[in-house]
Amino acid sequence: MTHQRTPDLGRLTTLNPRDVWRHEAHNFTPWLLGNLDVLSDLLGMELALDVAEHPVGSFSLDLMGRDLTSGEVVIVENQLEPTDHGHLGQILTYAAGTEPATVVWIASSFRPEHRAALDWLNARTDDQTRFFGVELRVVRIGQSQPAPDFKLVAQPNDWEKTVRASARSELSSRERAYSEFWRLWLDRLAEESLPWSRATRMPRGSAFAMPTGTSNVSYYCYFMGGRLGSEIDFEDPDPATNDARLRALEARKADIEAAYGGPLDWQEMKGRKATRIADYLPDSVIDDTDRWEEYLTWLLERQRRLRRAITSVGGVPTDLA
């Protein structure tokens, strides 16, 4: 009789988040800023959170930014302890002062009454406002490196909100067209196994943003002025940073355009606090549904070429000294 060897498995243990982040929620905030992919994956968004301790009256919000795909404002409040009434009040105060589309409350555990409060807010607010409760655990196996384990404990019922919005006919025909086109764009990315976007909720506007891995720099697909654009945009709050990034890449213009396989449109956008590098397909509008397949193929090819060209010179400049 032979005996099968049993696998040698470790034991999963849970750590106190306050012990991992040295007893201070403020230490968790910079960690989250550097590891946004964890929260982005959980929420199905492309988060860009780059404002810490944002002032709202006499209070300071932990994090504020936006969902790149939709451009909507996102705010995040952290606490490395169980939820309490004080933080619930702060979150509502911050929401009133920043008018976000998405509110995220992160805590080590959620009391039932606070989870119920987020569920009530999701049920009572309009379809443009969403409240998420995220429970933060930290786990490890044996003496391995601690790992974050985020769990959604409260979230909007998007299906019910979508039904209510449809019943009220809040979406215009143009908004529905954009939303459907960007859904097809995500389907195309999935077919090609391209990890360019984590979005699960389609924008209703003319632009679809995708991260570059550098804060305040995004790749865009964009219907604008009767043409379809494939772009990389520099959108730092400091215009000098955007100018410096464009100039640094423009110094390698010949190399970039050689790698791209053609000329690009280099835009300083004076007075707009942004710069961009773009290519356009003229005479392209969202209403021309018969050309959508052409548009999708063009965007996929141009985005591949643009990303390859930027990578060929070392990527987006970060050292601007």
# chains A, B, ... in the order shown; residues from 1 in each chain; ligands from 1

$ select_by_dssp --residues "segment 59-259 of chain A" --states "helix (DSSP H, G or I)" --output "ChimeraX atom specification"
/A:85-98,112-124,158-167,173-191,239-250,253-259

$ residues_around --residues "Ala258 of chain A" --least-positions-apart "2" --cutoff "12 Å" --atoms "only C-alpha atoms" --output "list of chain:residue names"
A:Arg252, A:Lys253, A:Ala254, A:Asp255, A:Ile256, A:Tyr260, A:Gly261, A:Gly262, A:Pro263, A:Leu264, A:Arg305, A:Leu306, A:Arg308, A:Ala309, A:Ile310, A:Ser312, A:Val313

$ residues_around --residues "Gln143 of chain A" --least-positions-apart "3" --cutoff "10 Å" --atoms "only C-alpha atoms" --output "number ranges by chain"
A: 10-11, 13, 140, 146

$ closest_residue --among "A:Tyr295, A:Tyr94, A:Trp105, A:Trp182" --to "Gly229 of chain A" --atoms "only C-alpha atoms"
A:Tyr295

$ atom_distance --atom1 "atom CA of Val74 of chain A" --atom2 "atom CA of Lys273 of chain A"
21.0 Å

$ select_by_dssp --residues "segment 84-133 of chain A" --states "strand (DSSP E)" --output "list in words"
Thr102, Val103, Val104, Trp105, Ile106, Ala107, Arg130, Phe131, Phe132 and Gly133 of chain A

$ write_last_selection --atoms "N, CA, C and O atoms" --output "PDB file, in the first residue's frame"
ATOM      1  N   THR A 102     -17.453  59.659  -6.500  1.00  0.00           N
ATOM      2  CA  THR A 102     -17.129  58.434  -5.765  1.00  0.00           C
ATOM      3  C   THR A 102     -16.514  58.775  -4.419  1.00  0.00           C
ATOM      4  O   THR A 102     -15.575  59.571  -4.345  1.00  0.00           O
ATOM      5  N   VAL A 103     -17.067  58.179  -3.359  1.00  0.00           N
ATOM      6  CA  VAL A 103     -16.570  58.357  -1.997  1.00  0.00           C
ATOM      7  C   VAL A 103     -16.123  56.997  -1.482  1.00  0.00           C
ATOM      8  O   VAL A 103     -16.900  56.029  -1.508  1.00  0.00           O
ATOM      9  N   VAL A 104     -14.869  56.913  -1.036  1.00  0.00           N
ATOM     10  CA  VAL A 104     -14.320  55.646  -0.559  1.00  0.00           C
ATOM     11  C   VAL A 104     -13.905  55.810   0.903  1.00  0.00           C
ATOM     12  O   VAL A 104     -13.121  56.705   1.238  1.00  0.00           O
ATOM     13  N   TRP A 105     -14.428  54.948   1.764  1.00  0.00           N
ATOM     14  CA  TRP A 105     -14.093  54.944   3.185  1.00  0.00           C
ATOM     15  C   TRP A 105     -13.355  53.647   3.471  1.00  0.00           C
ATOM     16  O   TRP A 105     -13.917  52.554   3.295  1.00  0.00           O
ATOM     17  N   ILE A 106     -12.084  53.740   3.878  1.00  0.00           N
ATOM     18  CA  ILE A 106     -11.260  52.574   4.183  1.00  0.00           C
ATOM     19  C   ILE A 106     -11.071  52.492   5.686  1.00  0.00           C
ATOM     20  O   ILE A 106     -10.694  53.473   6.332  1.00  0.00           O
ATOM     21  N   ALA A 107     -11.327  51.322   6.263  1.00  0.00           N
ATOM     22  CA  ALA A 107     -11.162  51.117   7.706  1.00  0.00           C
ATOM     23  C   ALA A 107     -10.783  49.664   7.963  1.00  0.00           C
ATOM     24  O   ALA A 107     -10.969  48.792   7.105  1.00  0.00           O
ATOM     25  N   ARG A 130     -21.577  57.599  -5.712  1.00  0.00           N
ATOM     26  CA  ARG A 130     -21.350  56.239  -5.245  1.00  0.00           C
ATOM     27  C   ARG A 130     -20.539  56.256  -3.951  1.00  0.00           C
ATOM     28  O   ARG A 130     -19.568  57.006  -3.825  1.00  0.00           O
ATOM     29  N   PHE A 131     -20.928  55.411  -3.004  1.00  0.00           N
ATOM     30  CA  PHE A 131     -20.227  55.270  -1.734  1.00  0.00           C
ATOM     31  C   PHE A 131     -19.705  53.841  -1.603  1.00  0.00           C
ATOM     32  O   PHE A 131     -20.452  52.875  -1.781  1.00  0.00           O
ATOM     33  N   PHE A 132     -18.402  53.722  -1.292  1.00  0.00           N
ATOM     34  CA  PHE A 132     -17.782  52.415  -1.106  1.00  0.00           C
ATOM     35  C   PHE A 132     -17.234  52.299   0.312  1.00  0.00           C
ATOM     36  O   PHE A 132     -16.586  53.224   0.807  1.00  0.00           O
ATOM     37  N   GLY A 133     -17.458  51.166   0.922  1.00  0.00           N
ATOM     38  CA  GLY A 133     -16.813  50.820   2.176  1.00  0.00           C
ATOM     39  C   GLY A 133     -15.785  49.739   1.912  1.00  0.00           C
ATOM     40  O   GLY A 133     -16.128  48.682   1.364  1.00  0.00           O
TER      41      GLY A 133
END

$ closest_atom_pairs --of "segment 225-263 of chain A" --to "segment 46-66 of chain A" --cutoff "12 Å" --atoms "only C-alpha atoms" --output "Markdown table"
| residue | atom | partner | partner_atom | distance |
| --- | --- | --- | --- | --- |
| A:Glu235 | CA | A:Ala48 | CA | 11.4 |
| A:Asp236 | CA | A:Asp50 | CA | 9.7 |
| A:Pro237 | CA | A:Asp50 | CA | 9.9 |

$ write_last_selection --atoms "all heavy atoms" --output "tab-separated table (two decimals), in the first residue's frame"
chain	number	residue	atom	x	y	z
A	235	GLU	N	-0.81	66.44	-17.58
A	235	GLU	CA	-1.85	67.23	-16.92
A	235	GLU	C	-1.51	67.55	-15.47
A	235	GLU	O	-2.39	67.61	-14.62
A	235	GLU	CB	-3.18	66.47	-16.97
A	235	GLU	CG	-3.60	66.04	-18.37
A	235	GLU	CD	-4.78	65.10	-18.36
A	235	GLU	OE1	-4.66	64.00	-17.78
A	235	GLU	OE2	-5.83	65.45	-18.92
A	236	ASP	N	-0.26	67.75	-15.18
A	236	ASP	CA	0.13	68.08	-13.82
A	236	ASP	C	-0.45	69.44	-13.42
A	236	ASP	O	-0.58	70.34	-14.26
A	236	ASP	CB	1.66	68.13	-13.71
A	236	ASP	CG	2.13	68.08	-12.28
A	236	ASP	OD1	2.23	69.15	-11.64
A	236	ASP	OD2	2.39	66.96	-11.79
A	237	PRO	N	-0.84	69.61	-12.14
A	237	PRO	CA	-1.33	70.93	-11.71
A	237	PRO	C	-0.32	72.05	-11.92
A	237	PRO	O	-0.70	73.22	-12.04
A	237	PRO	CB	-1.62	70.72	-10.22
A	237	PRO	CG	-1.86	69.25	-10.07
A	237	PRO	CD	-0.96	68.61	-11.07

$ closest_residue --among "A:Val76, A:Leu152, A:Leu12, A:Ile277" --to "Leu36 of chain A" --atoms "only C-alpha atoms"
A:Val76

$ residues_around --residues "Leu136 of chain A" --least-positions-apart "6" --cutoff "8 Å" --atoms "only C-alpha atoms" --output "PyMOL selection string"
chain A and resi 17+80+106-109+148-151

$ residues_around --residues "Gln303 of chain A" --least-positions-apart "5" --cutoff "9 Å" --atoms "only C-alpha atoms" --output "number ranges by chain"
A: 219-221, 230-231, 298, 308

$ write_last_selection --atoms "C-alpha atoms" --output "PDB file, in the first residue's frame"
ATOM      1  CA  TYR A 219      -3.012  58.052 -22.632  1.00  0.00           C
ATOM      2  CA  TYR A 220      -6.289  59.175 -24.202  1.00  0.00           C
ATOM      3  CA  CYS A 221      -8.696  58.083 -26.896  1.00  0.00           C
ATOM      4  CA  SER A 230      -4.956  59.025 -29.963  1.00  0.00           C
ATOM      5  CA  GLU A 231      -2.889  60.978 -27.434  1.00  0.00           C
ATOM      6  CA  TRP A 298      -7.427  52.793 -35.868  1.00  0.00           C
ATOM      7  CA  ARG A 308       6.016  51.812 -28.389  1.00  0.00           C
TER       8      ARG A 308
END

$ closest_residue --among "A:Thr212, A:Thr98, A:Ala199, A:Val38" --to "Thr311 of chain A" --atoms "only C-alpha atoms"
A:Thr212

$ atom_distance --atom1 "atom CA of Arg183 of chain A" --atom2 "atom CA of Met202 of chain A"
6.3 Å

$ atom_distance --atom1 "atom CA of Asn27 of chain A" --atom2 "atom CA of Leu15 of chain A"
16.1 Å

$ closest_residue --among "A:Val217, A:Leu296, A:Leu39, A:Ala209" --to "Leu68 of chain A" --atoms "only C-alpha atoms"
A:Ala209

$ residues_around --residues "Ala248 of chain A" --least-positions-apart "4" --cutoff "9 Å" --atoms "only C-alpha atoms" --output "list in words"
Asp243, Ala244, Arg252, Pro317 and Leu320 of chain A

$ closest_residue --among "A:Leu228, A:Leu9, A:Leu300, A:Ala101" --to "Glu72 of chain A" --atoms "only C-alpha atoms"
A:Ala101

$ closest_residue --among "A:Leu249, A:Leu33, A:Leu88, A:Val134" --to "Gly315 of chain A" --atoms "only C-alpha atoms"
A:Leu249

$ residues_around --residues "Asp287 of chain A" --least-positions-apart "4" --cutoff "12 Å" --atoms "only C-alpha atoms" --output "list in words"
Ser173, Arg174, Glu175, Arg176, Ala177, Tyr178, Glu180, Phe181, Ser206, Phe223, Gly226, Arg227, Asp283, Arg291, Trp292 and Tyr295 of chain A
